[in-house]
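Participant: What follows is a structure written as structure tokens; I'll ask about it next.
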Amino acid sequence: MATKFFSQEWCDGAMDAANASEPMYKGFKKASTFTNKMAFGVLGRDDLVSHLEWKEGRIVSWTSGRQYDQDELWLDIKADMETWKDLAEGRAEAGKMLVMGKVKFEKGPMSAAIENAVALHHFLQSWGRAADEIDYDV
Amino acid sequence: MAVAETAGYPVKLQSGDSANGVATIVGTLLGQNFENFPERIALAKRTKRPVAVVSTDTDQACTIMFRDHGAVVHDGIVGKPIVTVRASVDQILDVSQLKMKAGGLWPVGFFTKRGMGVLGQILRHKLVVKGLLTHTVTSLRTIALVSVV
């Protein structure tokens, strides 16, 4: 049975996949200081959101749904489902999607995405490795 | 639509919420830069003529008009930009990470590995800064304004 995108099972798998990604870790401008909380959501779907916490370039918590207050979040990033799927399955590049306006920063410094663009790209690619089969029809 | 209301120097997107992606990212970046580096507001005010950024691999462009009381970012090429940066997304990301001092007049970022790469691409015409030779100060100032460092 396919794992539902942004479900807790998916979040657990994505966390393992991302934390195992050396290209992601090496892609940070400075992984040792990359400690923050962020949200990823689906445009037009307030019910589809996940919150995660980073500590020194590794994810320590990834929750399906809202976990933190908006004030606690450093970044709040949204895209439509098709864009997330394209990024997760390696058909799109994070930087290009950002410049095309497909990935939107609802909150947070744009400089963070620019300086960590390589890490962001590999992080988003790890989403596609969260499970053997992912159901994006949620 | 104001991207950022910063120290009396707002950055607005002429097309508001429907602005194209490159206009949105440049507008957001400028607004956040004026917040983080308020000294750059004076630099913006000295940039009297429009400058443009063309994203060659997404076929999007924007034109930035710096005024005394704020900047406006237009979709596409508007008017006659004095400087036009034509670059791929990766090149735009690289250029925006070049450290510039003295309002761009001391482009220290070019003397780094990333900067050398950018220079090499300019020399090979892979990255075009139209106006670099004829309006060098404005070209360097443009890079300084969008730099995140």
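To be explicit about the labels: the chains of the structure tokens are called A, B, and onward in the order shown, and within each one the residues are counted from 1, while ligands get numbers from 1 in the order they are shown.
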Please produce, as CSV, a per-residue contact table for chain A versus chain B (criterion: any atom at most 12 Å away, only C-alpha atoms considered), showing the nearest atom pair and its distance in Å to one decimal, sorted by chain then residue number.
Facilitator:
residue,atom,partner,partner_atom,distance
A:Lys29,CA,B:Gln97,CA,10.8
A:Ala92,CA,B:Thr58,CA,12.0
A:Glu93,CA,B:Val89,CA,9.8
A:Ala94,CA,B:Val89,CA,10.0
A:Gly95,CA,B:Val89,CA,6.5
A:Lys96,CA,B:Val89,CA,5.8
A:Met97,CA,B:Gly21,CA,8.6
A:Leu98,CA,B:Gly21,CA,7.2
A:Val99,CA,B:Val22,CA,5.1
A:Met100,CA,B:Gly21,CA,4.2
A:Gly101,CA,B:Gly21,CA,3.7
A:Lys102,CA,B:Gly21,CA,7.4
A:Val103,CA,B:Gly21,CA,9.0
A:Lys104,CA,B:Ile25,CA,9.0
A:Phe105,CA,B:Ile25,CA,9.1
A:Glu106,CA,B:Thr28,CA,10.7
A:Lys107,CA,B:Thr28,CA,10.6
A:Gly108,CA,B:Gln32,CA,9.3
A:Pro109,CA,B:Gln32,CA,6.9
A:Met110,CA,B:Leu29,CA,5.9
A:Ser111,CA,B:Val148,CA,5.6
A:Ala112,CA,B:Val148,CA,8.8
A:Ala113,CA,B:Leu93,CA,9.4
A:Ile114,CA,B:Leu93,CA,5.9
A:Glu115,CA,B:Gln97,CA,7.0
A:Asn116,CA,B:Leu93,CA,9.9
A:Ala117,CA,B:Leu93,CA,8.0
A:Val118,CA,B:Asp90,CA,10.0
A:His121,CA,B:Asp90,CA,11.9
Participant: Write to file, as a compact mmCIF listing (two decimals), in the first residue's frame, the residues of the selection just made, with N, CA and C atoms.
Facilitator:
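The resulting file, result20.txt, is shown below:
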# COMPACT_ATOMS: atom_id res chain seq x y z
N LYS A 29 25.47 25.80 3.49
CA LYS A 29 26.55 26.79 3.58
C LYS A 29 27.38 26.48 4.82
N ALA A 92 12.49 18.14 -11.46
CA ALA A 92 12.62 19.59 -11.36
C ALA A 92 13.75 19.92 -10.40
N GLU A 93 14.30 21.11 -10.59
CA GLU A 93 15.37 21.57 -9.69
C GLU A 93 14.81 22.64 -8.77
N ALA A 94 15.24 22.57 -7.51
CA ALA A 94 14.70 23.48 -6.51
C ALA A 94 14.94 24.95 -6.88
N GLY A 95 16.17 25.26 -7.31
CA GLY A 95 16.49 26.65 -7.65
C GLY A 95 15.61 27.18 -8.76
N LYS A 96 15.43 26.35 -9.77
CA LYS A 96 14.62 26.78 -10.91
C LYS A 96 13.16 26.96 -10.49
N MET A 97 12.67 26.06 -9.67
CA MET A 97 11.28 26.18 -9.21
C MET A 97 11.09 27.43 -8.35
N LEU A 98 12.15 27.77 -7.62
CA LEU A 98 12.11 28.97 -6.79
C LEU A 98 12.03 30.22 -7.67
N VAL A 99 12.91 30.27 -8.67
CA VAL A 99 12.95 31.44 -9.56
C VAL A 99 11.69 31.51 -10.42
N MET A 100 11.12 30.36 -10.74
CA MET A 100 9.88 30.37 -11.52
C MET A 100 8.67 30.73 -10.67
N GLY A 101 8.88 30.82 -9.37
CA GLY A 101 7.77 31.17 -8.49
C GLY A 101 6.89 29.98 -8.14
N LYS A 102 7.37 28.77 -8.47
CA LYS A 102 6.58 27.58 -8.15
C LYS A 102 6.72 27.20 -6.68
N VAL A 103 7.90 27.47 -6.14
CA VAL A 103 8.12 27.27 -4.71
C VAL A 103 8.07 28.65 -4.07
N LYS A 104 7.18 28.81 -3.12
CA LYS A 104 6.96 30.13 -2.54
C LYS A 104 7.39 30.20 -1.08
N PHE A 105 8.08 31.28 -0.77
CA PHE A 105 8.46 31.54 0.61
C PHE A 105 7.35 32.36 1.27
N GLU A 106 6.57 31.71 2.11
CA GLU A 106 5.54 32.44 2.84
C GLU A 106 6.18 33.22 3.99
N LYS A 107 7.26 32.67 4.50
CA LYS A 107 7.96 33.34 5.60
C LYS A 107 9.42 32.92 5.57
N GLY A 108 10.29 33.86 5.91
CA GLY A 108 11.69 33.51 6.05
C GLY A 108 12.58 34.18 5.03
N PRO A 109 13.87 34.19 5.33
CA PRO A 109 14.81 34.89 4.46
C PRO A 109 15.08 34.15 3.14
N MET A 110 14.94 34.88 2.05
CA MET A 110 15.25 34.31 0.74
C MET A 110 16.73 33.92 0.66
N SER A 111 17.55 34.65 1.40
CA SER A 111 18.98 34.36 1.39
C SER A 111 19.26 32.93 1.86
N ALA A 112 18.40 32.43 2.75
CA ALA A 112 18.59 31.06 3.25
C ALA A 112 18.48 30.06 2.11
N ALA A 113 17.52 30.27 1.23
CA ALA A 113 17.35 29.35 0.10
C ALA A 113 18.49 29.48 -0.89
N ILE A 114 18.95 30.71 -1.09
CA ILE A 114 20.02 30.95 -2.06
C ILE A 114 21.33 30.33 -1.56
N GLU A 115 21.65 30.62 -0.32
CA GLU A 115 22.93 30.13 0.21
C GLU A 115 22.94 28.61 0.41
N ASN A 116 21.75 28.05 0.59
CA ASN A 116 21.66 26.60 0.83
C ASN A 116 20.93 25.90 -0.31
N ALA A 117 21.02 26.47 -1.50
CA ALA A 117 20.25 25.93 -2.64
C ALA A 117 20.61 24.48 -2.95
N VAL A 118 21.87 24.14 -2.82
CA VAL A 118 22.29 22.76 -3.12
C VAL A 118 21.69 21.80 -2.09
N HIS A 121 17.99 21.41 -2.71
CA HIS A 121 17.73 20.53 -3.86
C HIS A 121 17.79 19.05 -3.43
Participant: Would you list, as a ChimeraX atom specification, the residues of chain B that end up in helix (DSSP H, G or I) under DSSP run on this structure's backbone?
Facilitator: /B:16-18,21-36,40-45,89-95,102-104,108-111,113-123,136-146
Participant: Would you list the contacts of range 49-52 of chain B as an mmCIF file with C-alpha atoms, in the first residue's frame, taking every protein, DNA or RNA residue within 12 Å and counting only C-alpha atoms, but skipping same-chain residues closer than 6 positions in sequence?
Facilitator:
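In the end it all went to selection25.cif:
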data_model
loop_
_atom_site.group_PDB
_atom_site.id
_atom_site.type_symbol
_atom_site.label_atom_id
_atom_site.label_comp_id
_atom_site.auth_asym_id
_atom_site.auth_seq_id
_atom_site.Cartn_x
_atom_site.Cartn_y
_atom_site.Cartn_z
ATOM 1 C CA VAL B 22 11.913 36.174 -11.057
ATOM 2 C CA ALA B 23 10.242 39.488 -10.184
ATOM 3 C CA VAL B 26 14.253 39.662 -6.846
ATOM 4 C CA GLY B 27 11.697 41.860 -5.098
ATOM 5 C CA GLN B 60 11.314 35.238 -17.224
ATOM 6 C CA ALA B 61 12.564 38.745 -16.696
ATOM 7 C CA CYS B 62 12.087 41.669 -14.384
ATOM 8 C CA THR B 63 13.051 45.314 -14.403
ATOM 9 C CA ILE B 64 13.889 47.146 -11.197
ATOM 10 C CA MET B 65 13.309 50.855 -10.893
ATOM 11 C CA PHE B 66 14.902 52.439 -7.868
ATOM 12 C CA ARG B 67 13.285 55.662 -6.749
ATOM 13 C CA ASP B 68 13.952 58.077 -3.907
ATOM 14 C CA ALA B 71 11.800 50.436 -5.557
ATOM 15 C CA VAL B 72 9.338 48.964 -8.025
ATOM 16 C CA VAL B 73 9.922 45.598 -9.677
ATOM 17 C CA HIS B 74 8.162 45.144 -13.005
ATOM 18 C CA ASP B 75 7.534 41.913 -14.877
ATOM 19 C CA GLY B 76 9.550 41.680 -18.086
ATOM 20 C CA ILE B 77 11.761 44.341 -19.622
ATOM 21 C CA VAL B 78 10.345 47.808 -19.110
ATOM 22 C CA GLY B 79 11.889 50.970 -20.503
ATOM 23 C CA LYS B 80 15.567 50.918 -21.384
ATOM 24 C CA PRO B 81 17.528 49.241 -18.603
ATOM 25 C CA ILE B 82 21.040 50.575 -18.275
ATOM 26 C CA VAL B 83 22.235 47.164 -17.061
ATOM 27 C CA THR B 84 20.750 43.791 -17.938
ATOM 28 C CA VAL B 85 21.944 40.585 -16.323
ATOM 29 C CA ARG B 86 21.134 37.582 -18.513
ATOM 30 C CA ALA B 87 21.832 34.422 -16.569
ATOM 31 C CA VAL B 128 25.941 38.277 -19.928
ATOM 32 C CA VAL B 129 25.984 41.525 -17.989
ATOM 33 C CA LYS B 130 24.947 44.004 -20.625
ATOM 34 C CA GLY B 131 26.324 47.349 -19.547
ATOM 35 C CA LEU B 132 29.283 45.941 -17.631
ATOM 36 C CA HIS B 135 28.162 51.316 -17.074
ATOM 37 C CA THR B 138 25.953 50.580 -12.028
ATOM 38 C CA SER B 139 26.643 46.971 -12.993
ATOM 39 C CA LEU B 140 28.692 46.353 -9.859
ATOM 40 C CA ARG B 141 26.152 48.267 -7.781
ATOM 41 C CA THR B 142 23.385 46.028 -9.142
ATOM 42 C CA ILE B 143 25.275 42.945 -7.994
ATOM 43 C CA LEU B 145 22.136 45.273 -4.223
ATOM 44 C CA VAL B 146 21.073 41.677 -4.842
#
Participant: I'd like the contact shell of Tyr9 in chain B - 8 Å cut-off, only C-alpha atoms, skipping same-chain residues fewer than 4 positions apart - returned as a PDB file with N, CA and C atoms, in the first residue's frame.
Facilitator:
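What landed in selection36.pdb:
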ATOM      1  N   GLU B   5       8.285  46.437   3.772  1.00  0.00           N
ATOM      2  CA  GLU B   5       8.270  47.848   4.169  1.00  0.00           C
ATOM      3  C   GLU B   5       9.483  48.048   5.056  1.00  0.00           C
ATOM      4  N   PHE B  34      17.387  45.218   2.088  1.00  0.00           N
ATOM      5  CA  PHE B  34      17.310  46.574   2.654  1.00  0.00           C
ATOM      6  C   PHE B  34      17.049  46.515   4.152  1.00  0.00           C
ATOM      7  N   ILE B  41      20.304  51.155   1.068  1.00  0.00           N
ATOM      8  CA  ILE B  41      19.224  52.031   0.594  1.00  0.00           C
ATOM      9  C   ILE B  41      19.832  53.220  -0.151  1.00  0.00           C
ATOM     10  N   HIS B  69      11.978  57.038  -2.936  1.00  0.00           N
ATOM     11  CA  HIS B  69      11.184  56.574  -1.797  1.00  0.00           C
ATOM     12  C   HIS B  69      10.837  55.090  -1.860  1.00  0.00           C
ATOM     13  N   GLY B  70      11.527  54.355  -2.709  1.00  0.00           N
ATOM     14  CA  GLY B  70      11.260  52.922  -2.787  1.00  0.00           C
ATOM     15  C   GLY B  70      11.572  52.383  -4.169  1.00  0.00           C
ATOM     16  N   ALA B  71      11.506  51.079  -4.270  1.00  0.00           N
ATOM     17  CA  ALA B  71      11.800  50.436  -5.557  1.00  0.00           C
ATOM     18  C   ALA B  71      10.551  49.733  -6.075  1.00  0.00           C
TER      19      ALA B  71
END
Participant: Would you mind telling me which residue in B:Leu13, B:Leu98, B:Val54, B:Leu43 lies nearest to Lys113 in chain B when using only C-alpha atoms?
Facilitator: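 Of B:Leu13, B:Leu98, B:Val54, B:Leu43, the one nearest Lys113 in chain B is B:Leu98, counting only C-alpha atoms.
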Participant: Enumerate as a PyMOL selection string all residues of chain A assigned to strand (DSSP E) by DSSP on the backbone, naming them with the chain letters and numbers the document uses.
Facilitator: chain A and resi 3-4+36-42+45-55+58-64+75-79+103-107+134-135
Participant: May I have the residues from that selection written out with C-alpha atoms, as a PDB file, in the first residue's frame?
Facilitator:
ATOM      1  CA  THR A   3       2.421   5.856   1.686  1.00  0.00           C
ATOM      2  CA  LYS A   4       0.356   9.028   1.734  1.00  0.00           C
ATOM      3  CA  ASN A  36      15.888  25.926  13.063  1.00  0.00           C
ATOM      4  CA  LYS A  37      12.254  25.012  12.616  1.00  0.00           C
ATOM      5  CA  MET A  38      10.396  25.146   9.335  1.00  0.00           C
ATOM      6  CA  ALA A  39       7.117  24.289   7.677  1.00  0.00           C
ATOM      7  CA  PHE A  40       6.335  22.831   4.283  1.00  0.00           C
ATOM      8  CA  GLY A  41       2.854  23.052   2.912  1.00  0.00           C
ATOM      9  CA  VAL A  42       0.732  22.602  -0.162  1.00  0.00           C
ATOM     10  CA  ARG A  45      -4.494  23.034   1.028  1.00  0.00           C
ATOM     11  CA  ASP A  46      -4.257  24.367   4.560  1.00  0.00           C
ATOM     12  CA  ASP A  47      -4.781  20.836   5.819  1.00  0.00           C
ATOM     13  CA  LEU A  48      -1.601  19.578   4.133  1.00  0.00           C
ATOM     14  CA  VAL A  49       1.373  20.810   6.100  1.00  0.00           C
ATOM     15  CA  SER A  50       4.329  19.323   7.905  1.00  0.00           C
ATOM     16  CA  HIS A  51       6.658  20.835  10.469  1.00  0.00           C
ATOM     17  CA  LEU A  52      10.253  19.869  11.007  1.00  0.00           C
ATOM     18  CA  GLU A  53      13.124  20.778  13.230  1.00  0.00           C
ATOM     19  CA  TRP A  54      16.752  20.877  12.175  1.00  0.00           C
ATOM     20  CA  LYS A  55      19.734  20.648  14.442  1.00  0.00           C
ATOM     21  CA  ARG A  58      20.239  17.072  10.507  1.00  0.00           C
ATOM     22  CA  ILE A  59      16.499  16.690  10.998  1.00  0.00           C
ATOM     23  CA  VAL A  60      15.591  15.756  14.558  1.00  0.00           C
ATOM     24  CA  SER A  61      11.817  15.904  14.243  1.00  0.00           C
ATOM     25  CA  TRP A  62       9.334  15.830  11.376  1.00  0.00           C
ATOM     26  CA  THR A  63       5.662  15.964  12.135  1.00  0.00           C
ATOM     27  CA  SER A  64       2.687  15.543   9.876  1.00  0.00           C
ATOM     28  CA  LEU A  75      10.864  29.272   7.133  1.00  0.00           C
ATOM     29  CA  ASP A  76       7.408  28.522   5.798  1.00  0.00           C
ATOM     30  CA  ILE A  77       7.591  27.178   2.261  1.00  0.00           C
ATOM     31  CA  LYS A  78       4.719  26.192  -0.001  1.00  0.00           C
ATOM     32  CA  ALA A  79       4.249  24.772  -3.466  1.00  0.00           C
ATOM     33  CA  VAL A 103       8.118  27.267  -4.708  1.00  0.00           C
ATOM     34  CA  LYS A 104       6.962  30.129  -2.542  1.00  0.00           C
ATOM     35  CA  PHE A 105       8.457  31.543   0.609  1.00  0.00           C
ATOM     36  CA  GLU A 106       5.537  32.438   2.842  1.00  0.00           C
ATOM     37  CA  LYS A 107       7.961  33.337   5.601  1.00  0.00           C
ATOM     38  CA  ILE A 134       4.140   7.423  -2.510  1.00  0.00           C
ATOM     39  CA  ASP A 135       0.524   8.413  -2.990  1.00  0.00           C
TER      40      ASP A 135
END
Participant: Just the residues within 10 Å of Arg129 in chain A, please, counting only C-alpha atoms, with nothing from its chain fewer than 5 positions along; format it as a PyMOL selection string.
Facilitator: chain A and resi 10+13-18+88-89+124+134
Participant: Take the residues from that selection and write them out as a PDB file, in the first residue's frame, keeping C-alpha atoms.
Facilitator:
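Result went into result.pdb, see below:
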ATOM      1  CA  TRP A  10       5.915   9.568   4.983  1.00  0.00           C
ATOM      2  CA  GLY A  13      10.673   7.953   5.877  1.00  0.00           C
ATOM      3  CA  ALA A  14      11.612  11.355   4.474  1.00  0.00           C
ATOM      4  CA  MET A  15      13.519  12.207   7.645  1.00  0.00           C
ATOM      5  CA  ASP A  16      15.573   9.018   7.373  1.00  0.00           C
ATOM      6  CA  ALA A  17      16.209   9.590   3.674  1.00  0.00           C
ATOM      7  CA  ALA A  18      17.215  13.227   4.135  1.00  0.00           C
ATOM      8  CA  ALA A  88      10.703  14.667  -5.143  1.00  0.00           C
ATOM      9  CA  GLU A  89      10.944  12.560  -8.283  1.00  0.00           C
ATOM     10  CA  LEU A 124      13.654  17.826  -1.689  1.00  0.00           C
ATOM     11  CA  ILE A 134       4.140   7.423  -2.510  1.00  0.00           C
TER      12      ILE A 134
END
